[in-house]
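Chemist: Just so it is clear, I am handing over run-v8.txt, which has compact mmCIF, C-alpha atoms.
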```txt
# COMPACT_ATOMS: atom_id res chain seq x y z
CA MET A 1 60.71 224.90 58.31
CA ASN A 2 58.44 225.75 55.35
CA LYS A 3 56.46 228.76 56.60
CA THR A 4 54.03 228.63 53.70
CA HIS A 5 53.03 225.07 54.52
CA LEU A 6 52.86 225.91 58.22
CA GLY A 7 50.59 228.83 57.46
CA GLN A 8 48.30 226.52 55.48
CA ILE A 9 48.05 224.20 58.48
CA LEU A 10 47.11 227.09 60.74
CA ASP A 11 44.50 228.31 58.26
CA HIS A 12 42.96 224.85 57.92
CA TYR A 13 42.95 224.47 61.70
CA LEU A 14 40.94 227.66 62.06
CA GLU A 15 38.56 226.59 59.28
CA ASN A 16 37.82 223.33 61.12
CA PHE A 17 38.11 224.60 64.69
CA ASP A 18 34.40 224.57 65.51
CA THR A 19 33.92 221.12 63.97
CA MET A 20 36.73 219.68 66.09
CA ASN A 21 35.63 221.29 69.33
CA VAL A 22 31.88 220.88 69.61
CA ASP A 23 29.90 217.70 70.28
CA PRO A 24 30.44 214.92 69.43
CA SER A 25 34.07 216.01 68.95
CA THR A 26 35.37 217.65 72.12
CA GLU A 27 39.06 218.27 71.60
CA TRP A 28 38.89 221.04 74.20
CA TYR A 29 39.01 218.26 76.82
CA LYS A 30 42.83 218.50 76.73
CA TRP A 31 42.69 221.91 78.42
CA LYS A 32 40.32 220.54 81.06
CA ILE A 33 42.50 217.50 81.79
CA ALA A 34 45.64 219.62 82.03
CA GLN A 35 43.93 221.85 84.60
CA ALA A 36 42.93 218.95 86.88
CA PHE A 37 45.93 216.65 86.44
CA PRO A 38 48.72 218.33 88.49
CA ALA A 39 46.75 218.60 91.74
CA ALA A 40 45.39 215.08 91.34
CA MET A 41 48.88 213.70 90.75
CA ASP A 42 50.27 215.59 93.76
CA ARG A 43 47.53 214.09 95.94
CA ALA A 44 48.32 210.61 94.64
CA LEU A 45 52.05 210.99 95.28
CA GLU A 46 51.31 211.97 98.87
CA ALA A 47 48.98 209.01 99.47
CA SER A 48 49.96 206.20 101.79
CA ALA A 49 51.44 203.04 100.32
CA ASP A 50 48.15 201.19 100.83
CA ALA A 51 46.13 203.93 99.11
CA PHE A 52 48.62 204.85 96.40
CA SER A 53 47.42 202.47 93.67
CA ASP A 54 43.79 203.60 93.99
CA ALA A 55 44.81 207.26 94.10
CA LEU A 56 46.95 206.83 90.98
CA LEU A 57 44.07 205.08 89.24
CA GLN A 58 41.92 208.17 89.77
CA VAL A 59 44.60 210.23 88.01
CA ASP A 60 44.70 207.71 85.18
CA LYS A 61 40.95 208.05 84.70
CA LEU A 62 41.35 211.81 84.26
CA THR A 63 43.55 211.33 81.22
CA GLU A 64 40.84 209.64 79.12
CA ASN A 65 42.57 208.51 75.88
CA LEU A 66 45.68 210.72 76.09
CA VAL A 67 47.80 207.87 77.51
CA ASP A 68 45.85 204.61 77.50
CA ASN A 69 43.85 203.13 74.63
CA LYS A 70 42.27 199.81 73.72
CA THR A 71 45.60 198.32 72.65
CA THR A 72 48.07 199.64 75.21
CA GLN A 73 47.49 200.79 78.79
CA PRO A 74 50.81 202.00 80.22
CA PHE A 75 49.26 204.28 82.85
CA TYR A 76 46.80 201.64 84.03
CA GLY A 77 49.71 199.21 84.11
CA LEU A 78 51.58 201.49 86.51
CA CYS A 79 48.48 201.56 88.73
CA LYS A 80 48.50 197.76 88.77
CA MET A 81 52.24 197.65 89.47
CA ALA A 82 51.66 200.05 92.36
CA GLU A 83 49.54 197.37 94.03
CA GLN A 84 52.71 195.27 94.31
CA GLU A 85 55.46 197.91 94.41
CA PRO A 86 53.94 201.24 95.46
CA GLU A 87 57.20 202.92 96.45
CA GLU A 88 58.93 201.99 93.21
CA VAL A 89 56.11 203.47 91.14
CA ARG A 90 55.98 206.54 93.37
CA SER A 91 59.72 207.00 92.90
CA LEU A 92 59.35 206.73 89.12
CA PHE A 93 56.98 209.69 89.02
CA ARG A 94 58.88 211.77 91.56
CA ASN A 95 62.09 211.35 89.59
CA LEU A 96 60.30 212.24 86.36
CA TYR A 97 58.86 215.39 87.93
CA ALA A 98 62.07 216.42 89.70
CA ASP A 99 63.25 219.94 88.87
CA ASP A 100 65.69 219.94 85.97
CA GLY A 101 66.17 223.71 85.73
CA GLY A 102 64.82 223.70 82.17
CA ASP A 103 67.74 221.61 80.90
CA LEU A 104 66.24 219.50 78.10
CA VAL A 105 69.23 217.16 78.05
CA VAL A 106 68.53 216.31 81.69
CA ARG A 107 64.80 216.09 81.00
CA SER A 108 65.41 213.74 78.09
CA LYS A 109 67.47 211.49 80.35
CA LYS A 110 64.66 211.51 82.92
CA ILE A 111 62.25 210.34 80.24
CA HIS A 112 64.53 207.52 79.10
CA ASP A 113 65.16 206.48 82.72
CA PHE A 114 61.41 206.46 83.43
CA VAL A 115 60.69 204.27 80.41
CA ALA A 116 63.53 201.84 81.13
CA LYS A 117 62.83 201.47 84.85
CA SER A 118 59.05 201.25 84.47
CA ASN A 119 59.43 198.53 81.86
CA ASP A 120 61.88 196.62 84.05
CA LEU A 121 59.28 196.79 86.80
CA CYS A 122 56.57 195.71 84.36
CA GLU A 123 58.59 192.66 83.41
CA ARG A 124 58.92 191.70 87.07
CA CYS A 125 55.24 192.24 87.87
CA PHE A 126 53.70 191.11 84.58
CA PRO A 127 56.25 189.05 82.64
CA GLY A 128 55.83 189.20 78.87
CA SER A 129 53.12 191.86 78.94
CA PHE A 130 53.22 194.37 76.08
CA ARG A 131 49.99 196.11 77.09
CA TYR A 132 51.51 197.77 80.16
CA LYS A 133 54.80 198.89 78.57
CA ASN A 134 55.64 202.60 78.75
CA ASP A 135 57.35 204.53 75.96
CA ALA A 136 58.40 208.09 75.08
CA HIS A 137 54.80 209.03 74.23
CA ALA A 138 53.53 207.93 77.65
CA ALA A 139 56.37 209.53 79.60
CA THR A 140 56.14 212.84 77.75
CA THR A 141 52.38 212.85 78.31
CA TYR A 142 52.85 212.48 82.08
CA LEU A 143 55.23 215.45 81.91
CA PHE A 144 53.02 217.47 79.58
CA LEU A 145 49.91 217.09 81.74
CA TYR A 146 51.83 217.91 84.92
CA ALA A 147 53.52 221.03 83.51
CA PRO A 148 52.03 222.01 80.13
CA ASP A 149 53.78 225.37 80.02
CA GLU A 150 57.18 223.65 80.04
CA ASN A 151 56.42 220.57 77.93
CA TYR A 152 54.78 219.31 74.76
CA LEU A 153 52.78 216.17 74.11
CA TYR A 154 54.51 213.73 71.77
CA LYS A 155 52.55 211.45 69.42
CA PRO A 156 55.09 209.82 67.11
CA MET A 157 53.03 209.35 63.93
CA GLU A 158 51.26 212.71 64.14
CA ALA A 159 54.55 214.48 64.87
CA LEU A 160 56.23 212.76 61.91
CA ASP A 161 53.40 213.68 59.54
CA PHE A 162 53.53 217.29 60.72
CA SER A 163 57.32 217.53 60.39
CA THR A 164 57.19 216.10 56.87
CA TYR A 165 54.56 218.59 55.72
CA VAL A 166 56.30 221.64 57.18
CA GLU A 167 59.72 220.34 56.08
CA PHE A 168 61.31 220.22 59.51
CA TYR A 169 64.19 217.89 58.81
CA GLU A 170 65.94 217.71 62.16
CA ASP A 171 65.70 214.08 63.26
CA TRP A 172 64.45 213.50 66.82
CA GLY A 173 64.71 209.72 66.57
CA ARG A 174 62.37 207.16 68.06
CA GLY A 175 62.22 204.79 71.00
CA GLU A 176 65.46 204.71 72.95
CA ALA A 177 66.95 207.15 70.43
CA PHE A 178 64.27 209.80 70.99
CA HIS A 179 65.82 213.31 71.24
CA LEU A 180 63.55 215.61 73.20
CA GLU A 181 65.51 218.74 72.33
CA ALA A 182 64.93 218.36 68.57
CA TYR A 183 61.23 217.66 68.97
CA TYR A 184 60.74 220.64 71.28
CA ARG A 185 62.55 222.90 68.80
CA MET A 186 59.95 222.03 66.17
CA CYS A 187 57.12 222.69 68.63
CA ASP A 188 58.66 226.01 69.65
CA GLN A 189 58.68 227.09 66.01
CA LEU A 190 55.01 226.15 65.72
CA VAL A 191 54.16 228.24 68.79
CA SER A 192 56.05 231.22 67.36
CA ALA A 193 54.04 230.96 64.15
CA MET A 194 50.77 230.79 66.07
CA GLN A 195 51.67 233.90 68.04
CA GLU A 196 52.21 235.79 64.80
CA HIS A 197 48.83 234.74 63.39
CA PRO A 198 46.36 237.64 63.84
CA THR A 199 43.28 235.65 64.85
CA PHE A 200 44.68 232.32 65.99
CA LEU A 201 44.98 232.86 69.71
CA ALA A 202 41.59 234.56 70.06
CA LYS A 203 39.74 231.55 68.65
CA ARG A 204 40.11 229.41 71.75
CA GLN A 205 38.64 232.07 74.04
CA GLU A 206 35.69 232.45 71.68
CA LEU A 207 35.06 228.73 71.98
CA TRP A 208 35.12 228.78 75.79
CA GLU A 209 32.45 231.47 75.71
CA GLN A 210 30.43 229.68 73.03
CA LEU A 211 30.35 226.44 75.02
CA HIS A 212 29.85 228.25 78.36
CA LEU A 213 32.99 226.63 79.76
CA SER A 214 34.23 228.04 83.03
CA PRO A 215 37.78 229.46 82.78
CA GLU A 216 38.51 227.89 86.18
CA GLU A 217 37.99 224.45 84.63
CA MET A 218 40.40 225.02 81.76
CA HIS A 219 44.17 225.33 81.85
CA PRO A 220 45.08 228.94 80.92
CA ASP A 221 47.76 227.67 78.52
CA THR A 222 49.60 230.98 78.55
CA LYS A 223 52.51 229.45 76.61
CA HIS A 224 50.10 227.92 74.04
CA HIS A 225 51.63 224.47 74.31
CA ILE A 226 48.26 222.73 74.53
CA LEU A 227 47.06 224.69 71.53
CA ALA A 228 50.18 223.60 69.64
CA VAL A 229 49.37 219.96 70.37
CA ASP A 230 45.76 220.47 69.33
```
Starting from the coordinates I provided, produce the structure as structure tokens.
Modeler:
Amino acid sequence: MNKTHLGQILDHYLENFDTMNVDPSTEWYKWKIAQAFPAAMDRALEASADAFSDALLQVDKLTENLVDNKTTQPFYGLCKMAEQEPEEVRSLFRNLYADDGGDLVVRSKKIHDFVAKSNDLCERCFPGSFRYKNDAHAATTYLFLYAPDENYLYKPMEALDFSTYVEFYEDWGRGEAFHLEAYYRMCDQLVSAMQEHPTFLAKRQELWEQLHLSPEEMHPDTKHHILAVD
């Protein structure tokens, strides 16, 4: 990885930090979502079969544009599938969130299994629909929001642009060939660089105070994985 280029990115991030994180831009919402998501998802997964779809929809609404957008709505699609097959959708999430002991090979398989099985279910419930299809971005986002300290958010185009600029040449593939381990290695290197930056980690706390945001509302992000994504 080109540390000079990475340092330039960190410097530019700090230069534009206030612009990105005050109205109308509110990128700090990621910390707020990550704080609320795990408990909301746990409540949904414990809901009865009849209530599960509605409970999952409330979790989906928390995520704003991190999963769904105007073109594709994989999370909303799972909520709709849960109206027909609540236990299958519940099982998808429970398997995704099952303890893997930190083994990224196992976690990568869980992601691929989630995508494949959710899309098989989508084809049964909504034949031919592309809008409700899940992919590696969606599955890693469900993981990231549930356990940010152990995971990173994956946005394919942004990640590729970043890797090109910092000259990280290890290929993590795409689609069914996505390699979680390689992508996480790049993110880990980014976090290490942030931790070595003298003022980088203090900037977020300054913003919370500036915007009068309650620490209880924001994920503490002690591993700085949300900050890395930002």
Chemist: Suppose you want the space between CA of Ala139 in chain A and CA of Lys110 in chain A; what is it in Å?
Modeler: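 CA of Ala139 in chain A sits 9.1 Å away from CA of Lys110 in chain A.
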Chemist: Please, what distance in Å, to one decimal, runs between CA of Val229 in chain A and CA of Thr26 in chain A?
Modeler: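 Distance reported for this atom pair: 14.3 Å.
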Chemist: Determine the nearest neighbour of Thr199 in chain A from the options A:Gln8, A:Arg90, A:Thr222, A:Leu14, counting all atoms listed in the file.
Modeler: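 Closest to Thr199 in chain A of all the choices is A:Leu14.
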Chemist: Give me the residues near Asp60 in chain A as number ranges by chain, where near means some atom within 9 Å (using only C-alpha atoms) and where sequence neighbours in that chain fewer than 6 positions away do not count.
Modeler: A: 67-68, 75-76, 79
Chemist: Taking into account all atoms listed in the file, which residue in the set A:Leu56, A:His179, A:Ile111, A:Trp31 is nearest to His224 in chain A?
Modeler: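 Comparing A:Leu56, A:His179, A:Ile111, A:Trp31 against His224 in chain A, the winner is A:Trp31.
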Chemist: Go through A:Phe17, A:Tyr29, A:Tyr142, A:Tyr97 one by one, measure the shortest atom-to-atom distance of each to Ile226 in chain A using all atoms listed in the file, and give the residue with the smallest value.
Modeler: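 Using all atoms listed in the file, the shortest distance to Ile226 in chain A belongs to A:Tyr29.
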Chemist: Residues near His5 in chain A, anyone? I mean within 8 Å using only C-alpha atoms, not counting same-chain ones fewer than 3 positions away, as a list in words.
Modeler: Asn2, Gln8, Ile9, Tyr165 and Val166 of chain A
Chemist: One decimal, in Å: what's the spacing between CA of Ala116 in chain A and CA of Leu92 in chain A?
Modeler: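 Between CA of Ala116 in chain A and CA of Leu92 in chain A the gap is 10.3 Å.
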Chemist: Compare A:Lys3, A:Leu227, A:Asn69, A:Thr141 by their minimum atom-to-atom distance to Ala202 in chain A, counting only C-alpha atoms, and give me the closest one.
Modeler: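 For Ala202 in chain A, the nearest of the candidates is A:Leu227.
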Chemist: Between A:Pro198, A:Gly175, A:Pro215, A:Pro220, which one has atoms that come closest to Leu10 in chain A, using only C-alpha atoms?
Modeler: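 Smallest distance to Leu10 in chain A is found for A:Pro198.
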Chemist: Have a look at A:His212, A:Asp50, A:Lys30, A:Ser163 and name the one nearest to Glu87 in chain A; count all atoms listed in the file.
Modeler: A:Asp50
Chemist: List every protein, DNA or RNA residue with an atom no more than 8 Å from (57.0, 200.0, 82.5) in the file's coordinates, counting all atoms listed in the file, and format the result as a VMD selection string.
Modeler: chain A and resid 74 77 to 78 114 to 123 132 to 135
Chemist: May I have the residues at most 12 Å from (50.2, 215.5, 84.8) in the file's coordinates, counting all atoms listed in the file, as a count of residues only?
Modeler: 46
Chemist: Kindly provide, as JSON, the centre and edge lengths (Å, one decimal) of an axis-aligned box around all atoms of range 64-74 of chain A given in the file, with 5 Å on each side.
Modeler:
```
{"center_x": 45.8, "center_y": 204.5, "center_z": 76.4, "size_x": 20.0, "size_y": 22.4, "size_z": 17.6}
```
